[in-house]
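Novice: What follows is a structure written as structure tokens; I'll ask about it next.
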Amino acid sequence: MNVLTTADEVRAFRAGAGGAGGTLGLVPTMGALHAGHLSLVARARSENDRVAASIFVNPAQFGENEDLAAYPRTPENDLRHLESLGVDAVWTPSPGDVYPPGFQTFITVEEVSAPLEGARRPGHFRGVATVVAKLFNVFEPDRAYFGQKDAQQVAVIRRMVADLSFPVDVVVCPIVREADGLALSSRNAYLSPEERRAAPVLRRALLAARAAFESGERDAGRLRAVLNETLAGEPLARPDYVSVADAVTLLELERVAGPALVSLAVRFGGTRLIDNVVLGGT
Ligand code: AMP
């Protein structure tokens, strides 16, 4: 496995060793890899001639009061996992490799970035879109793999790819969960044992909303109420938002008629977790 540092090294990898003919799949990550990330890598491995990953804790997508410095970093473990899954190259740039001196070009995906996570994390999706555009330009992947776990990120990247005509297929992979339903996340490591026991309430709330939908409920306000009622049963959970939105535009719905993204963000102490489910098709 090639471990690359500079953008020029990535370009040389892209051009080299059979690079011209075969397909390249790219898996962007911030490291601290878990089985959720690895499911993306395995999917990319099964669909492409060559697979690349990136590990970059992107300062541009963290707010001033967020956990950039504390974000978990496990580089040796990450490289071992990627190598064992047959990854051909991994880019582990420093911030200066991604944002060279004088950097001043950013991508804003305006409307899809505005609600939900974007409203609570100003600048987050500007940082995400900019770094993903950079990754696409440097790697020139045929396919790029993202997790449904970060549903708004997927919507933002899909919009950017369509708007700016990036020649890349965006492949979205299902959420990988613990046995008790908690979605795998690098931030789960921040939870105390009591908070960890309480955290599956996110999944229970989503399943309750899905059950109501499957019983015929189409009133989005009622579905939001089902989410809130479930969360209210868990004393350690402090809801940030619950949402029933159009799955493409992410605008809040009054009634569910087409595919709807049901999503929520909940705090447990200082840790903020997100999860979602799509109702009525994907
Ligand atoms: P991150 O390192 O948090 O930026 O995540 C890298 C990629 O892994 C993103 O596309 C995430 O959506 C995806 N991902 C994170 N957690 C999961 C999960 N539990 N299941 C599936 N994909 C995930």
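Chain labels A, B, ... are given in the sequence in which chains occur in the structure tokens; within each chain residues are numbered consecutively from 1, and ligands are likewise numbered from 1 in the order shown.
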Hey, could you make a per-residue contact list for region 108-219 of chain A against region 239-252 of chain A with 12 Å as the cut-off, showing the nearest pair of atoms and its distance in Å to one decimal, counting only C-alpha atoms, sorted by chain and number, as JSON lines?
Specialist:
{"residue": "A:Val109", "atom": "CA", "partner": "A:Thr249", "partner_atom": "CA", "distance": 11.6}
{"residue": "A:Glu110", "atom": "CA", "partner": "A:Thr249", "partner_atom": "CA", "distance": 11.0}
{"residue": "A:Glu111", "atom": "CA", "partner": "A:Thr249", "partner_atom": "CA", "distance": 7.8}
{"residue": "A:Val112", "atom": "CA", "partner": "A:Thr249", "partner_atom": "CA", "distance": 6.0}
{"residue": "A:Ser113", "atom": "CA", "partner": "A:Leu250", "partner_atom": "CA", "distance": 8.9}
{"residue": "A:Ala114", "atom": "CA", "partner": "A:Leu250", "partner_atom": "CA", "distance": 9.0}
{"residue": "A:Pro115", "atom": "CA", "partner": "A:Leu250", "partner_atom": "CA", "distance": 7.3}
{"residue": "A:Leu116", "atom": "CA", "partner": "A:Tyr241", "partner_atom": "CA", "distance": 7.5}
{"residue": "A:Glu117", "atom": "CA", "partner": "A:Tyr241", "partner_atom": "CA", "distance": 9.2}
{"residue": "A:Gly118", "atom": "CA", "partner": "A:Leu250", "partner_atom": "CA", "distance": 11.0}
{"residue": "A:Ala119", "atom": "CA", "partner": "A:Tyr241", "partner_atom": "CA", "distance": 10.5}
{"residue": "A:Arg120", "atom": "CA", "partner": "A:Asp240", "partner_atom": "CA", "distance": 8.9}
{"residue": "A:Arg121", "atom": "CA", "partner": "A:Asp240", "partner_atom": "CA", "distance": 11.9}
{"residue": "A:Gln148", "atom": "CA", "partner": "A:Ala247", "partner_atom": "CA", "distance": 11.7}
{"residue": "A:Ala151", "atom": "CA", "partner": "A:Ala247", "partner_atom": "CA", "distance": 8.9}
{"residue": "A:Gln152", "atom": "CA", "partner": "A:Leu250", "partner_atom": "CA", "distance": 7.8}
{"residue": "A:Gln153", "atom": "CA", "partner": "A:Leu250", "partner_atom": "CA", "distance": 11.2}
{"residue": "A:Val154", "atom": "CA", "partner": "A:Val248", "partner_atom": "CA", "distance": 9.7}
{"residue": "A:Ala155", "atom": "CA", "partner": "A:Val248", "partner_atom": "CA", "distance": 6.4}
{"residue": "A:Val156", "atom": "CA", "partner": "A:Val248", "partner_atom": "CA", "distance": 9.3}
{"residue": "A:Ile157", "atom": "CA", "partner": "A:Val248", "partner_atom": "CA", "distance": 11.4}
{"residue": "A:Arg158", "atom": "CA", "partner": "A:Val248", "partner_atom": "CA", "distance": 9.3}
{"residue": "A:Arg159", "atom": "CA", "partner": "A:Val248", "partner_atom": "CA", "distance": 9.0}
{"residue": "A:Ala199", "atom": "CA", "partner": "A:Pro239", "partner_atom": "CA", "distance": 11.5}
{"residue": "A:Val201", "atom": "CA", "partner": "A:Pro239", "partner_atom": "CA", "distance": 10.7}
{"residue": "A:Leu202", "atom": "CA", "partner": "A:Pro239", "partner_atom": "CA", "distance": 9.5}
{"residue": "A:Ala205", "atom": "CA", "partner": "A:Val242", "partner_atom": "CA", "distance": 9.8}
{"residue": "A:Leu206", "atom": "CA", "partner": "A:Val242", "partner_atom": "CA", "distance": 9.8}
{"residue": "A:Ala209", "atom": "CA", "partner": "A:Val244", "partner_atom": "CA", "distance": 9.7}
{"residue": "A:Arg210", "atom": "CA", "partner": "A:Val244", "partner_atom": "CA", "distance": 11.1}
{"residue": "A:Phe213", "atom": "CA", "partner": "A:Val244", "partner_atom": "CA", "distance": 11.3}
{"residue": "A:Arg218", "atom": "CA", "partner": "A:Val244", "partner_atom": "CA", "distance": 10.4}
{"residue": "A:Asp219", "atom": "CA", "partner": "A:Val244", "partner_atom": "CA", "distance": 9.6}
Novice: Give me the residues near region 25-29 of chain A as a list in words, where near means some atom within 9 Å (using only C-alpha atoms) and where sequence neighbours in that chain fewer than 4 positions away do not count.
Specialist: Leu33, His37, Leu40, Val41, Ala44, Arg45, Glu47, Asn48, Asp49, Arg50, Val51, Ala52, Ala53, Ser54, Ile55, Phe56, Val57, Val132, Leu135, Phe136, Phe139, Glu140, Pro141, Asp142, Arg143, Ala144, Tyr145 and Phe146 of chain A
Novice: Got time to write the residues from that selection, N, CA, C and O atoms, as a CSV table (one decimal), in the first residue's frame?
Specialist:
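Listing of out.csv after writing:
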chain,number,residue,atom,x,y,z
A,33,LEU,N,-10.6,4.8,12.2
A,33,LEU,CA,-11.5,4.0,11.4
A,33,LEU,C,-12.2,2.9,12.2
A,33,LEU,O,-11.6,2.3,13.1
A,37,HIS,N,-16.6,2.8,8.4
A,37,HIS,CA,-15.6,3.2,7.4
A,37,HIS,C,-15.2,2.0,6.5
A,37,HIS,O,-15.1,2.0,5.3
A,40,LEU,N,-17.3,0.9,3.7
A,40,LEU,CA,-17.1,1.7,2.5
A,40,LEU,C,-15.9,1.2,1.7
A,40,LEU,O,-16.0,1.0,0.4
A,41,VAL,N,-14.8,0.8,2.4
A,41,VAL,CA,-13.6,0.4,1.7
A,41,VAL,C,-13.9,-1.0,1.1
A,41,VAL,O,-13.5,-1.2,-0.1
A,44,ALA,N,-15.9,-0.4,-2.0
A,44,ALA,CA,-15.0,0.1,-3.1
A,44,ALA,C,-14.1,-0.9,-3.7
A,44,ALA,O,-13.9,-1.0,-4.9
A,45,ARG,N,-13.6,-1.8,-2.8
A,45,ARG,CA,-12.7,-2.8,-3.3
A,45,ARG,C,-13.4,-3.8,-4.2
A,45,ARG,O,-12.8,-4.2,-5.2
A,47,GLU,N,-15.8,-3.1,-6.3
A,47,GLU,CA,-16.3,-2.4,-7.5
A,47,GLU,C,-15.3,-1.8,-8.3
A,47,GLU,O,-15.7,-1.2,-9.4
A,48,ASN,N,-14.0,-1.8,-7.9
A,48,ASN,CA,-13.0,-1.0,-8.7
A,48,ASN,C,-11.7,-1.8,-8.9
A,48,ASN,O,-11.4,-2.7,-8.1
A,49,ASP,N,-11.0,-1.4,-9.9
A,49,ASP,CA,-9.7,-2.0,-10.1
A,49,ASP,C,-8.7,-1.5,-9.0
A,49,ASP,O,-7.8,-2.3,-8.6
A,50,ARG,N,-8.7,-0.2,-8.7
A,50,ARG,CA,-7.9,0.3,-7.6
A,50,ARG,C,-8.7,1.0,-6.6
A,50,ARG,O,-9.7,1.6,-7.0
A,51,VAL,N,-8.2,1.0,-5.4
A,51,VAL,CA,-8.9,1.7,-4.3
A,51,VAL,C,-8.0,2.6,-3.5
A,51,VAL,O,-6.8,2.2,-3.2
A,52,ALA,N,-8.4,3.8,-3.3
A,52,ALA,CA,-7.6,4.7,-2.5
A,52,ALA,C,-8.5,5.3,-1.4
A,52,ALA,O,-9.7,5.3,-1.5
A,53,ALA,N,-7.8,5.6,-0.3
A,53,ALA,CA,-8.5,6.2,0.9
A,53,ALA,C,-7.8,7.5,1.2
A,53,ALA,O,-6.6,7.6,0.9
A,54,SER,N,-8.5,8.4,1.9
A,54,SER,CA,-7.8,9.5,2.5
A,54,SER,C,-8.1,9.6,4.0
A,54,SER,O,-9.2,9.2,4.4
A,55,ILE,N,-7.1,10.0,4.7
A,55,ILE,CA,-7.2,10.2,6.2
A,55,ILE,C,-6.8,11.6,6.4
A,55,ILE,O,-5.6,12.0,6.3
A,56,PHE,N,-7.8,12.5,6.7
A,56,PHE,CA,-7.5,13.9,6.9
A,56,PHE,C,-8.5,14.5,7.9
A,56,PHE,O,-9.7,14.5,7.5
A,57,VAL,N,-8.1,14.9,9.0
A,57,VAL,CA,-9.0,15.6,10.0
A,57,VAL,C,-9.0,17.0,9.5
A,57,VAL,O,-8.1,17.8,9.8
A,132,VAL,N,-13.7,17.9,-0.2
A,132,VAL,CA,-14.1,16.8,-1.1
A,132,VAL,C,-13.9,17.2,-2.6
A,132,VAL,O,-13.4,16.4,-3.4
A,135,LEU,N,-10.2,16.6,-3.0
A,135,LEU,CA,-10.0,15.2,-3.2
A,135,LEU,C,-10.3,14.7,-4.6
A,135,LEU,O,-9.6,13.9,-5.2
A,136,PHE,N,-11.5,15.2,-5.1
A,136,PHE,CA,-11.9,14.8,-6.4
A,136,PHE,C,-10.9,15.3,-7.5
A,136,PHE,O,-10.6,14.5,-8.4
A,139,PHE,N,-7.4,13.1,-6.9
A,139,PHE,CA,-7.5,11.7,-7.2
A,139,PHE,C,-8.2,11.4,-8.5
A,139,PHE,O,-7.9,10.3,-9.1
A,140,GLU,N,-9.0,12.2,-9.0
A,140,GLU,CA,-9.9,11.9,-10.1
A,140,GLU,C,-10.5,10.5,-10.1
A,140,GLU,O,-10.3,9.7,-11.0
A,141,PRO,N,-11.2,10.2,-9.0
A,141,PRO,CA,-11.8,8.9,-8.9
A,141,PRO,C,-13.0,8.7,-9.8
A,141,PRO,O,-13.6,9.7,-10.2
A,142,ASP,N,-13.2,7.5,-10.2
A,142,ASP,CA,-14.4,7.1,-11.0
A,142,ASP,C,-15.6,7.1,-10.0
A,142,ASP,O,-16.7,7.4,-10.4
A,143,ARG,N,-15.4,6.5,-8.8
A,143,ARG,CA,-16.5,6.4,-7.8
A,143,ARG,C,-15.9,6.9,-6.5
A,143,ARG,O,-14.8,6.7,-6.2
A,144,ALA,N,-16.8,7.5,-5.7
A,144,ALA,CA,-16.4,8.0,-4.4
A,144,ALA,C,-17.5,7.5,-3.4
A,144,ALA,O,-18.7,7.5,-3.7
A,145,TYR,N,-17.1,7.0,-2.3
A,145,TYR,CA,-17.9,6.2,-1.4
A,145,TYR,C,-18.2,7.0,-0.1
A,145,TYR,O,-17.2,7.5,0.6
A,146,PHE,N,-19.4,7.2,0.3
A,146,PHE,CA,-19.8,7.9,1.5
A,146,PHE,C,-20.9,7.1,2.2
A,146,PHE,O,-21.6,6.3,1.7
Novice: Enumerate as an mmCIF file with N, CA, C and O atoms, in the first residue's frame the residues within 6 Å of ligand 1, counting only C-alpha atoms and all ligand atoms.
Specialist:
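Final output, selection-v5.cif:
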data_model
loop_
_atom_site.group_PDB
_atom_site.id
_atom_site.type_symbol
_atom_site.label_atom_id
_atom_site.label_comp_id
_atom_site.auth_asym_id
_atom_site.auth_seq_id
_atom_site.Cartn_x
_atom_site.Cartn_y
_atom_site.Cartn_z
ATOM 1 N N PRO A 28 -13.087 8.808 1.217
ATOM 2 C CA PRO A 28 -12.580 9.873 2.088
ATOM 3 C C PRO A 28 -12.960 9.616 3.551
ATOM 4 O O PRO A 28 -14.114 9.286 3.841
ATOM 5 N N THR A 29 -11.996 9.783 4.451
ATOM 6 C CA THR A 29 -12.266 9.607 5.884
ATOM 7 C C THR A 29 -11.473 10.627 6.692
ATOM 8 O O THR A 29 -10.538 11.245 6.195
ATOM 9 N N MET A 30 -11.841 10.715 7.983
ATOM 10 C CA MET A 30 -11.040 11.482 8.945
ATOM 11 C C MET A 30 -10.283 10.532 9.871
ATOM 12 O O MET A 30 -9.845 10.943 10.955
ATOM 13 N N GLY A 31 -10.144 9.279 9.497
ATOM 14 C CA GLY A 31 -9.389 8.337 10.322
ATOM 15 C C GLY A 31 -10.188 7.844 11.515
ATOM 16 O O GLY A 31 -11.425 7.922 11.523
ATOM 17 N N GLY A 36 -17.816 0.922 10.195
ATOM 18 C CA GLY A 36 -18.589 1.725 9.250
ATOM 19 C C GLY A 36 -17.718 2.182 8.092
ATOM 20 O O GLY A 36 -18.064 2.011 6.920
ATOM 21 N N HIS A 37 -16.565 2.775 8.429
ATOM 22 C CA HIS A 37 -15.628 3.176 7.372
ATOM 23 C C HIS A 37 -15.208 1.970 6.537
ATOM 24 O O HIS A 37 -15.118 2.040 5.307
ATOM 25 N N PHE A 146 -19.440 7.172 0.260
ATOM 26 C CA PHE A 146 -19.824 7.925 1.453
ATOM 27 C C PHE A 146 -20.871 7.132 2.223
ATOM 28 O O PHE A 146 -21.595 6.306 1.650
ATOM 29 N N GLY A 147 -20.987 7.407 3.528
ATOM 30 C CA GLY A 147 -21.931 6.701 4.379
ATOM 31 C C GLY A 147 -23.248 7.458 4.519
ATOM 32 O O GLY A 147 -23.251 8.687 4.673
ATOM 33 N N GLN A 148 -24.349 6.725 4.509
ATOM 34 C CA GLN A 148 -25.678 7.295 4.762
ATOM 35 C C GLN A 148 -25.760 7.870 6.180
ATOM 36 O O GLN A 148 -26.614 8.704 6.474
ATOM 37 N N LYS A 149 -24.843 7.445 7.047
ATOM 38 C CA LYS A 149 -24.777 8.002 8.411
ATOM 39 C C LYS A 149 -24.812 9.533 8.372
ATOM 40 O O LYS A 149 -25.469 10.172 9.194
ATOM 41 N N ASP A 150 -24.060 10.117 7.440
ATOM 42 C CA ASP A 150 -23.998 11.575 7.313
ATOM 43 C C ASP A 150 -24.861 11.981 6.118
ATOM 44 O O ASP A 150 -24.368 12.353 5.053
ATOM 45 N N PRO A 174 -24.926 1.816 3.351
ATOM 46 C CA PRO A 174 -25.821 1.822 4.513
ATOM 47 C C PRO A 174 -25.090 2.045 5.834
ATOM 48 O O PRO A 174 -23.888 1.819 5.933
ATOM 49 N N ILE A 175 -25.862 2.476 6.825
ATOM 50 C CA ILE A 175 -25.294 2.753 8.151
ATOM 51 C C ILE A 175 -24.946 1.438 8.848
ATOM 52 O O ILE A 175 -25.796 0.551 8.940
ATOM 53 N N VAL A 176 -23.722 1.332 9.335
ATOM 54 C CA VAL A 176 -23.304 0.166 10.120
ATOM 55 C C VAL A 176 -23.551 0.480 11.595
ATOM 56 O O VAL A 176 -23.201 1.570 12.076
ATOM 57 N N ARG A 177 -24.156 -0.480 12.302
ATOM 58 C CA ARG A 177 -24.586 -0.249 13.685
ATOM 59 C C ARG A 177 -24.001 -1.272 14.649
ATOM 60 O O ARG A 177 -23.651 -2.382 14.249
ATOM 61 N N ALA A 183 -25.524 3.699 15.885
ATOM 62 C CA ALA A 183 -24.709 3.844 14.672
ATOM 63 C C ALA A 183 -23.249 4.014 15.063
ATOM 64 O O ALA A 183 -22.929 4.801 15.968
ATOM 65 N N LEU A 184 -22.363 3.283 14.402
ATOM 66 C CA LEU A 184 -20.938 3.438 14.675
ATOM 67 C C LEU A 184 -20.509 4.862 14.345
ATOM 68 O O LEU A 184 -20.908 5.418 13.323
ATOM 69 N N SER A 185 -19.712 5.439 15.239
ATOM 70 C CA SER A 185 -19.182 6.789 15.043
ATOM 71 C C SER A 185 -17.905 6.914 15.844
ATOM 72 O O SER A 185 -17.801 6.384 16.958
#
Novice: Contacts of Ala89 (chain A) at 6 Å or less, counting only C-alpha atoms, minus same-chain residues fewer than 4 places along, as a list in words?
Specialist: Met1, Asn2, Val3 and Ala52 of chain A
Novice: As a VMD selection string, please: all residues of region 40-239 of chain A that backbone DSSP puts in helix (DSSP H, G or I).
Specialist: chain A and resid 40 to 47 59 to 61 75 to 84 95 to 98 116 to 120 124 to 139 148 to 164 186 to 190 193 to 198 201 to 214 220 to 232
Novice: Can you write out the residues you just picked, keeping C-alpha atoms, as an mmCIF file, in the first residue's frame?
Specialist:
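Output file selection.cif follows:
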data_model
loop_
_atom_site.group_PDB
_atom_site.id
_atom_site.type_symbol
_atom_site.label_atom_id
_atom_site.label_comp_id
_atom_site.auth_asym_id
_atom_site.auth_seq_id
_atom_site.Cartn_x
_atom_site.Cartn_y
_atom_site.Cartn_z
ATOM 1 C CA LEU A 40 -17.121 1.651 2.474
ATOM 2 C CA VAL A 41 -13.617 0.365 1.748
ATOM 3 C CA ALA A 42 -14.860 -3.200 1.179
ATOM 4 C CA ARG A 43 -17.562 -1.947 -1.187
ATOM 5 C CA ALA A 44 -15.021 0.148 -3.094
ATOM 6 C CA ARG A 45 -12.678 -2.844 -3.271
ATOM 7 C CA SER A 46 -15.416 -5.011 -4.780
ATOM 8 C CA GLU A 47 -16.339 -2.436 -7.451
ATOM 9 C CA PRO A 59 -9.786 21.784 10.091
ATOM 10 C CA ALA A 60 -12.081 23.665 7.694
ATOM 11 C CA GLN A 61 -15.118 21.598 8.707
ATOM 12 C CA PRO A 75 -3.015 6.300 12.399
ATOM 13 C CA GLU A 76 -1.177 2.999 12.800
ATOM 14 C CA ASN A 77 -4.368 1.051 13.357
ATOM 15 C CA ASP A 78 -6.002 2.811 10.376
ATOM 16 C CA LEU A 79 -3.175 1.951 7.993
ATOM 17 C CA ARG A 80 -3.192 -1.678 9.144
ATOM 18 C CA HIS A 81 -6.924 -1.988 8.469
ATOM 19 C CA LEU A 82 -6.705 -0.314 5.067
ATOM 20 C CA GLU A 83 -3.805 -2.484 4.005
ATOM 21 C CA SER A 84 -5.565 -5.683 5.119
ATOM 22 C CA PRO A 95 -3.234 20.712 6.614
ATOM 23 C CA GLY A 96 -0.526 22.509 4.601
ATOM 24 C CA ASP A 97 -0.688 19.873 1.850
ATOM 25 C CA VAL A 98 -4.426 20.430 1.420
ATOM 26 C CA LEU A 116 -30.104 20.673 10.168
ATOM 27 C CA GLU A 117 -26.364 20.150 10.759
ATOM 28 C CA GLY A 118 -25.533 23.235 8.714
ATOM 29 C CA ALA A 119 -27.676 25.450 10.942
ATOM 30 C CA ARG A 120 -25.968 24.165 14.099
ATOM 31 C CA HIS A 124 -19.180 22.872 8.382
ATOM 32 C CA PHE A 125 -20.435 21.975 4.898
ATOM 33 C CA ARG A 126 -18.333 24.714 3.284
ATOM 34 C CA GLY A 127 -15.327 22.882 4.736
ATOM 35 C CA VAL A 128 -16.678 19.483 3.670
ATOM 36 C CA ALA A 129 -17.507 20.557 0.102
ATOM 37 C CA THR A 130 -14.145 22.272 -0.330
ATOM 38 C CA VAL A 131 -12.074 19.323 0.853
ATOM 39 C CA VAL A 132 -14.133 16.807 -1.131
ATOM 40 C CA ALA A 133 -13.757 18.924 -4.280
ATOM 41 C CA LYS A 134 -10.008 18.990 -3.640
ATOM 42 C CA LEU A 135 -9.960 15.198 -3.186
ATOM 43 C CA PHE A 136 -11.901 14.754 -6.418
ATOM 44 C CA ASN A 137 -9.500 17.010 -8.309
ATOM 45 C CA VAL A 138 -6.379 15.331 -6.940
ATOM 46 C CA PHE A 139 -7.505 11.681 -7.154
ATOM 47 C CA GLN A 148 -25.678 7.295 4.762
ATOM 48 C CA LYS A 149 -24.777 8.002 8.411
ATOM 49 C CA ASP A 150 -23.998 11.575 7.313
ATOM 50 C CA ALA A 151 -27.111 12.031 5.191
ATOM 51 C CA GLN A 152 -26.836 15.796 4.774
ATOM 52 C CA GLN A 153 -23.198 15.435 3.728
ATOM 53 C CA VAL A 154 -24.383 13.045 1.004
ATOM 54 C CA ALA A 155 -27.028 15.553 -0.139
ATOM 55 C CA VAL A 156 -24.450 18.364 -0.225
ATOM 56 C CA ILE A 157 -21.914 16.312 -2.191
ATOM 57 C CA ARG A 158 -24.512 15.056 -4.649
ATOM 58 C CA ARG A 159 -25.600 18.655 -5.280
ATOM 59 C CA MET A 160 -21.983 19.812 -5.725
ATOM 60 C CA VAL A 161 -21.188 16.953 -8.131
ATOM 61 C CA ALA A 162 -24.252 17.764 -10.230
ATOM 62 C CA ASP A 163 -23.754 21.539 -10.143
ATOM 63 C CA LEU A 164 -20.022 21.520 -10.956
ATOM 64 C CA SER A 186 -15.709 7.872 16.038
ATOM 65 C CA ARG A 187 -17.423 10.159 18.577
ATOM 66 C CA ASN A 188 -18.995 7.186 20.419
ATOM 67 C CA ALA A 189 -15.606 6.911 22.156
ATOM 68 C CA TYR A 190 -16.438 10.120 24.070
ATOM 69 C CA PRO A 193 -20.630 4.015 30.231
ATOM 70 C CA GLU A 194 -24.035 5.434 31.307
ATOM 71 C CA GLU A 195 -24.279 7.592 28.190
ATOM 72 C CA ARG A 196 -23.304 4.645 26.012
ATOM 73 C CA ARG A 197 -26.161 2.615 27.530
ATOM 74 C CA ALA A 198 -28.592 5.471 26.825
ATOM 75 C CA VAL A 201 -32.489 5.822 22.058
ATOM 76 C CA LEU A 202 -31.643 7.566 18.752
ATOM 77 C CA ARG A 203 -32.287 4.336 16.865
ATOM 78 C CA ARG A 204 -35.382 3.530 18.935
ATOM 79 C CA ALA A 205 -36.835 6.949 18.105
ATOM 80 C CA LEU A 206 -36.216 6.420 14.377
ATOM 81 C CA LEU A 207 -37.749 2.949 14.485
ATOM 82 C CA ALA A 208 -40.804 4.325 16.300
ATOM 83 C CA ALA A 209 -41.213 6.958 13.569
ATOM 84 C CA ARG A 210 -40.807 4.298 10.889
ATOM 85 C CA ALA A 211 -43.409 2.095 12.589
ATOM 86 C CA ALA A 212 -45.845 5.025 12.680
ATOM 87 C CA PHE A 213 -45.162 5.705 8.984
ATOM 88 C CA GLU A 214 -45.728 2.051 8.138
ATOM 89 C CA ALA A 220 -44.766 15.087 9.475
ATOM 90 C CA GLY A 221 -45.611 16.933 12.698
ATOM 91 C CA ARG A 222 -46.974 13.721 14.198
ATOM 92 C CA LEU A 223 -43.849 11.848 13.123
ATOM 93 C CA ARG A 224 -41.674 14.512 14.781
ATOM 94 C CA ALA A 225 -43.802 14.126 17.910
ATOM 95 C CA VAL A 226 -43.146 10.363 17.890
ATOM 96 C CA LEU A 227 -39.388 11.078 17.749
ATOM 97 C CA ASN A 228 -39.602 13.592 20.608
ATOM 98 C CA GLU A 229 -41.773 11.323 22.752
ATOM 99 C CA THR A 230 -39.268 8.473 22.447
ATOM 100 C CA LEU A 231 -36.322 10.737 23.263
ATOM 101 C CA ALA A 232 -38.188 12.151 26.276
#
Novice: Just give me the gap between CA of Arg267 (chain A) and CA of Glu234 (chain A) in Å, one decimal is fine.
Specialist: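 Atom-to-atom, CA of Arg267 (chain A) and CA of Glu234 (chain A) are spaced 11.5 Å apart.
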Novice: Smallest atom-to-atom distance to Thr6 (chain A): which of A:Ala265, A:Val168, A:Gly280, A:Tyr99, using only C-alpha atoms?
Specialist: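 Counting only C-alpha atoms, the residue closest to Thr6 (chain A) is A:Tyr99.
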Novice: Grab the CA of Val10 (chain A) to CA of Val87 (chain A) distance for me, in Å with one decimal place.
Specialist: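 Those two atoms sit 13.8 Å apart.
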